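Participant: Handing you this structure, nothing more for now.
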Amino acid sequence: MSDLKKSAPEAPKYTIVRDSIIYERIWYLEYRLGIRSNVVVAATYNHPSGQALTKPMVLRALKTVIEQQPSMRLVGVPVTKQDKQGKETTGLMMAALNEINVEESVQFKEGQGITEEMIEKLHNQWDFGEPDKPWFKLVVSGSTVYYVNHHAINDGMSGYIFHRTFTAALNAAGANSSTDGVTTWSSTYDPSTMAITPSLHSVVQQGEAKGKPWQVNVWEVIKPVLTAWLLYMFVPSWLVFSDLPSVKPKPHTASTVIEASDRGVTRTVLRRIPAETMDKLVAKCRENGTSVTALLMTMLTASIINDYYSDKTFLLSVISVDIRNRLPDDMIALENKTMGNRAGGVYSFQKTGKYKGLFPSGQDKLGEQSSTLKTDEIWARARDAKQWMHAGLDPAARTIRASAEQPNDLDAVAKTLTAGEAMKPAYNLGNLGPYVSEKSQDGWTVEDVAFSGPPQGGIGGPRPPLFQVGGVKGGNTHIATNWQDGGMPREKIEGIVDGTLRRIEQLVIS
């Protein structure tokens, strides 16, 4: 625990529980400065009797989840102290809310099903950031529940864990949809029974202590950033997405106040892959020795290059990965049931040549046959992608380990937010994988899921799109593509996504 803990003011509304880590400080400032907003994971619920979710059901279940998942209580508290030279430093401590008003954490809206409009709307709401109220909320639209949270407290996979815990809580209550037996909709923090989720650094260090080879390799950490920086500084025109509007970096501090008009505005395109197509895709990937994520990365990359950037030489991309399954075996089961931040990133720097000509450009017709696809080469690229993605998992954990020694200084982080311009042309793919819904003859199940992460933008300037994937095993899969308004035209985003999905349809019938 840093010296900041000693100077952190306890308040009736919260209890300081631990130091923040560098990622929490980045996400805190990005939110505060209007650069990156909320994480959204939506699920549509079904009951065999046809009954609807009622307000008492939702409140009762949410209260149970809050008390089983203490990380939902987390908020960030900026703390100022003086060093030995008398210079003031502002750091960030993580605190647990002492009381959560469950009813105030839920909004009920008209509508049904997971919609593009609702996801986009939720990304453009900036409700969190102060330490006096929760950094999450539920939005209930008919039988669909949107779990919305500040990235500093939970990652995308936590949304899956939330919905699994919420489903169990609904079923544990049985048919009781009244408020009988509930004396208050307030959830009180009890440190003796509600252990706050350890930080990502702590979990990685615990894994290291159990024998995981996560010693820091400095070159591994700086290579992708250094390569990107050199290209961006000297030959930016060689990079895919280098045509995004340029924004001159502005100096920021931890106390910078951003006007609402300066916040980034998220735009969303939501597409579905039907269950039948997804089942065929999974089977084809297994048959060809690759994974769905690797194939999606291959097809997205090839569509981007062949349809829009055939004149570019290099491409930067980031795959979001879940560190939970890279931990020692005796830690995985618990971590897979625990909400928190366990996400890392695998960076890729590739030449575009190997993707050119895998299929005709976007001018091809919707009715073209699968013979226009170079299927053998596509599967070869997908196998390559699986290999470099897998090879990057431990380096991702080592990068997290390397960042553990960063000082708790929000002003220092603020200065680096625009220093990351070199990674500006990197696009992101995140796939939560299949949501496994426990089958129930007489209880609630989840029949549809979508995951949507927030893109970067605002005062930091627009970035390439985020492609976020989630779906129920055996059901539909959603791709939520998010980007900042003022960056790429909607028609271009839709062209990339629709072109990718059309070619995947062609691939699975080949």
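FYI, nothing fancy with the structure tokens labels: chains A, B, ... in order, residues from 1 per chain, ligands from 1 as they appear.
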Determine, for each residue of segment 36-133 of chain A having at least one atom at most 12 Å from an atom of segment 459-468 of chain A, the closest pair of atoms and their separation in Å to one decimal, counting only C-alpha atoms; order by chain and ascending number, as a Markdown table.
Facilitator:
```
| residue | atom | partner | partner_atom | distance |
| --- | --- | --- | --- | --- |
| A:Arg36 | CA | A:Gly460 | CA | 9.6 |
| A:Val39 | CA | A:Gln468 | CA | 10.7 |
| A:Val40 | CA | A:Gln468 | CA | 10.4 |
| A:Val41 | CA | A:Gln468 | CA | 10.4 |
```
Participant: Once you count only C-alpha atoms, what closest atom pair and distance in Å to one decimal does each residue of segment 402-483 of chain A within 9 Å of segment 274-287 of chain A have, with rows by chain and rising residue number, as CSV?
Facilitator:
```
residue,atom,partner,partner_atom,distance
A:Val472,CA,A:Ala275,CA,8.8
A:Lys473,CA,A:Ala275,CA,8.5
A:Gly474,CA,A:Ala275,CA,6.0
A:Gly475,CA,A:Ala275,CA,4.5
A:Asn476,CA,A:Ala275,CA,4.4
A:Thr477,CA,A:Pro274,CA,6.6
A:His478,CA,A:Pro274,CA,8.8
```
Participant: Given the selection you just returned, output its residues as a file containing C-alpha atoms, formatted as a tab-separated table (two decimals), in the first residue's frame.
Facilitator:
```tsv
chain	number	residue	atom	x	y	z
A	472	VAL	CA	-25.00	-17.43	-26.42
A	473	LYS	CA	-23.63	-20.89	-27.11
A	474	GLY	CA	-25.93	-22.49	-29.65
A	475	GLY	CA	-27.65	-19.17	-30.31
A	476	ASN	CA	-27.04	-15.94	-32.18
A	477	THR	CA	-23.76	-14.03	-31.93
A	478	HIS	CA	-23.54	-10.23	-32.03
```
Participant: For Asn428 of chain A, which of A:Gly345, A:Gly458, A:Gly357, A:Pro407 is the closest residue, counting only C-alpha atoms?
Facilitator: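 Answer, going by the shortest atom-to-atom distance: A:Gly345.
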Participant: Report, in Å with one decimal, the straight-line distance from atom CA of Thr256 of chain A to atom CA of Gln125 of chain A.
Facilitator: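 Result for atom CA of Thr256 of chain A versus atom CA of Gln125 of chain A: 19.5 Å, one decimal.
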Participant: Identify which of the residues A:Thr290, A:Gln484, A:Leu373, A:Gly142 lies closest to Gly111 of chain A, counting only C-alpha atoms when measuring atom-to-atom distances.
Facilitator: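 Closest candidate: A:Gly142.
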Participant: Taking only C-alpha atoms into account, name the residue in A:Thr144, A:Asn38, A:Asn482, A:Asn46 that is nearest to Gly129 of chain A.
Facilitator: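 Of the candidates, the smallest distance to Gly129 of chain A is held by A:Asn38.
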Participant: For Gly50 of chain A, which residue among A:Gly443, A:Pro224, A:Gly353, A:Gly174 is the nearest when counting only C-alpha atoms?
Facilitator: A:Gly443
Participant: Between atom CA of Asn124 of chain A and atom CA of Val269 of chain A, what distance in Å does the model show, to one decimal?
Facilitator: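 Those two atoms sit 14.2 Å apart.
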Participant: Taking the backbone alone, and naming residues the way the document does, which bits of segment 227-280 of chain A are helix (DSSP H, G or I) by DSSP, as a list of chain:residue names?
Facilitator: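 Going through segment 227-280 of chain A, the helix (DSSP H, G or I) residues come out as A:Thr227, A:Ala228, A:Trp229, A:Leu230, A:Leu231, A:Tyr232, A:Met233, A:Phe234, A:Pro236, A:Ser237, A:Trp238, A:Ala260, A:Ser261, A:Asp262, A:Ala275, A:Glu276, A:Thr277, A:Met278, A:Asp279, A:Lys280.
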Participant: Next, the residues of the selection above should be written as an mmCIF file, in the first residue's frame with C-alpha atoms.
Facilitator:
```
data_model
loop_
_atom_site.group_PDB
_atom_site.id
_atom_site.type_symbol
_atom_site.label_atom_id
_atom_site.label_comp_id
_atom_site.auth_asym_id
_atom_site.auth_seq_id
_atom_site.Cartn_x
_atom_site.Cartn_y
_atom_site.Cartn_z
ATOM 1 C CA THR A 227 7.634 0.138 -33.896
ATOM 2 C CA ALA A 228 4.298 1.918 -34.124
ATOM 3 C CA TRP A 229 5.832 5.199 -32.982
ATOM 4 C CA LEU A 230 8.597 5.074 -35.602
ATOM 5 C CA LEU A 231 6.126 4.371 -38.390
ATOM 6 C CA TYR A 232 3.633 6.952 -37.192
ATOM 7 C CA MET A 233 6.298 9.633 -36.877
ATOM 8 C CA PHE A 234 8.171 9.053 -40.131
ATOM 9 C CA PRO A 236 2.328 7.520 -41.331
ATOM 10 C CA SER A 237 0.946 7.186 -44.852
ATOM 11 C CA TRP A 238 2.112 3.563 -44.888
ATOM 12 C CA ALA A 260 -19.805 18.079 -22.016
ATOM 13 C CA SER A 261 -19.347 19.165 -25.632
ATOM 14 C CA ASP A 262 -15.719 17.989 -25.545
ATOM 15 C CA ALA A 275 -27.044 -19.492 -34.746
ATOM 16 C CA GLU A 276 -26.965 -21.834 -37.765
ATOM 17 C CA THR A 277 -24.115 -19.891 -39.373
ATOM 18 C CA MET A 278 -22.232 -19.726 -36.073
ATOM 19 C CA ASP A 279 -22.485 -23.494 -35.552
ATOM 20 C CA LYS A 280 -21.081 -24.091 -39.045
#
```
Participant: As an MDAnalysis selection string, please: all residues of segment 5-108 of chain A that backbone DSSP puts in strand (DSSP E).
Facilitator: chainID A and resid 14:19 38:46 74:82 88:97 99:101 106:108
Participant: Using only C-alpha atoms, find the one residue out of A:Tyr146, A:Phe314, A:Phe108, A:Trp388 that sits nearest to Glu120 of chain A.
Facilitator: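 Among the listed residues, the smallest separation from Glu120 of chain A belongs to A:Tyr146.
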Participant: Please provide as JSON, numbers by chain all residues within 9 Å of segment 188-192 of chain A, with the sequence filter that same-chain residues fewer than 4 positions apart are discarded (counting only C-alpha atoms).
Facilitator: {"A": [14, 15, 67, 70, 73, 96, 97, 98, 99, 100, 196]}
Participant: Those residues you just picked out, can you put them in a file as a short mmCIF file (atom, residue, chain, number, x, y, z; two decimals), in the first residue's frame with N, CA and C atoms?
Facilitator:
```cif
data_model
loop_
_atom_site.label_atom_id
_atom_site.label_comp_id
_atom_site.auth_asym_id
_atom_site.auth_seq_id
_atom_site.Cartn_x
_atom_site.Cartn_y
_atom_site.Cartn_z
N TYR A 14 -17.79 5.91 1.71
CA TYR A 14 -16.90 4.87 1.19
C TYR A 14 -15.78 4.54 2.17
N THR A 15 -15.15 3.38 1.91
CA THR A 15 -14.00 2.92 2.71
C THR A 15 -12.85 2.64 1.74
N GLU A 67 -24.01 -8.24 -3.34
CA GLU A 67 -23.43 -8.79 -2.12
C GLU A 67 -22.55 -10.01 -2.41
N PRO A 70 -18.33 -8.22 -4.69
CA PRO A 70 -17.96 -6.96 -4.04
C PRO A 70 -17.28 -5.94 -4.95
N ARG A 73 -18.87 -2.65 -5.84
CA ARG A 73 -18.89 -1.52 -4.90
C ARG A 73 -17.75 -0.53 -5.16
N ALA A 96 -14.49 1.13 -1.46
CA ALA A 96 -15.76 0.41 -1.53
C ALA A 96 -16.86 1.29 -0.98
N LEU A 97 -17.96 1.40 -1.72
CA LEU A 97 -19.10 2.16 -1.22
C LEU A 97 -19.69 1.47 0.00
N ASN A 98 -19.91 2.23 1.04
CA ASN A 98 -20.45 1.65 2.27
C ASN A 98 -21.92 1.27 2.13
N GLU A 99 -22.67 2.06 1.35
CA GLU A 99 -24.07 1.78 1.11
C GLU A 99 -24.37 1.94 -0.38
N ILE A 100 -25.13 1.01 -0.92
CA ILE A 100 -25.61 1.14 -2.30
C ILE A 100 -27.13 1.05 -2.27
N ILE A 196 -12.97 -7.51 -1.13
CA ILE A 196 -12.88 -6.83 -2.40
C ILE A 196 -11.94 -7.59 -3.33
#
```
Participant: Using only C-alpha atoms, which residue out of A:Lys81, A:His390, A:Arg324, A:Lys312 lies closest to Lys356 of chain A?
Facilitator: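 Of A:Lys81, A:His390, A:Arg324, A:Lys312, the one nearest Lys356 of chain A is A:Lys312, counting only C-alpha atoms.
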Participant: If we count only C-alpha atoms, what is near Trp27 of chain A at a cut-off of 12 Å, once residues fewer than 5 positions away on the same chain are taken out, given as a ChimeraX atom specification?
Facilitator: /A:20-22,32-39,75-76,92,128-129,149-155,341,410,413-414,417,454-456
Participant: How far is it from atom CA of Ser310 of chain A to atom CA of Leu226 of chain A, in Å with one decimal?
Facilitator: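 Separation of atom CA of Ser310 of chain A and atom CA of Leu226 of chain A: 24.4 Å.
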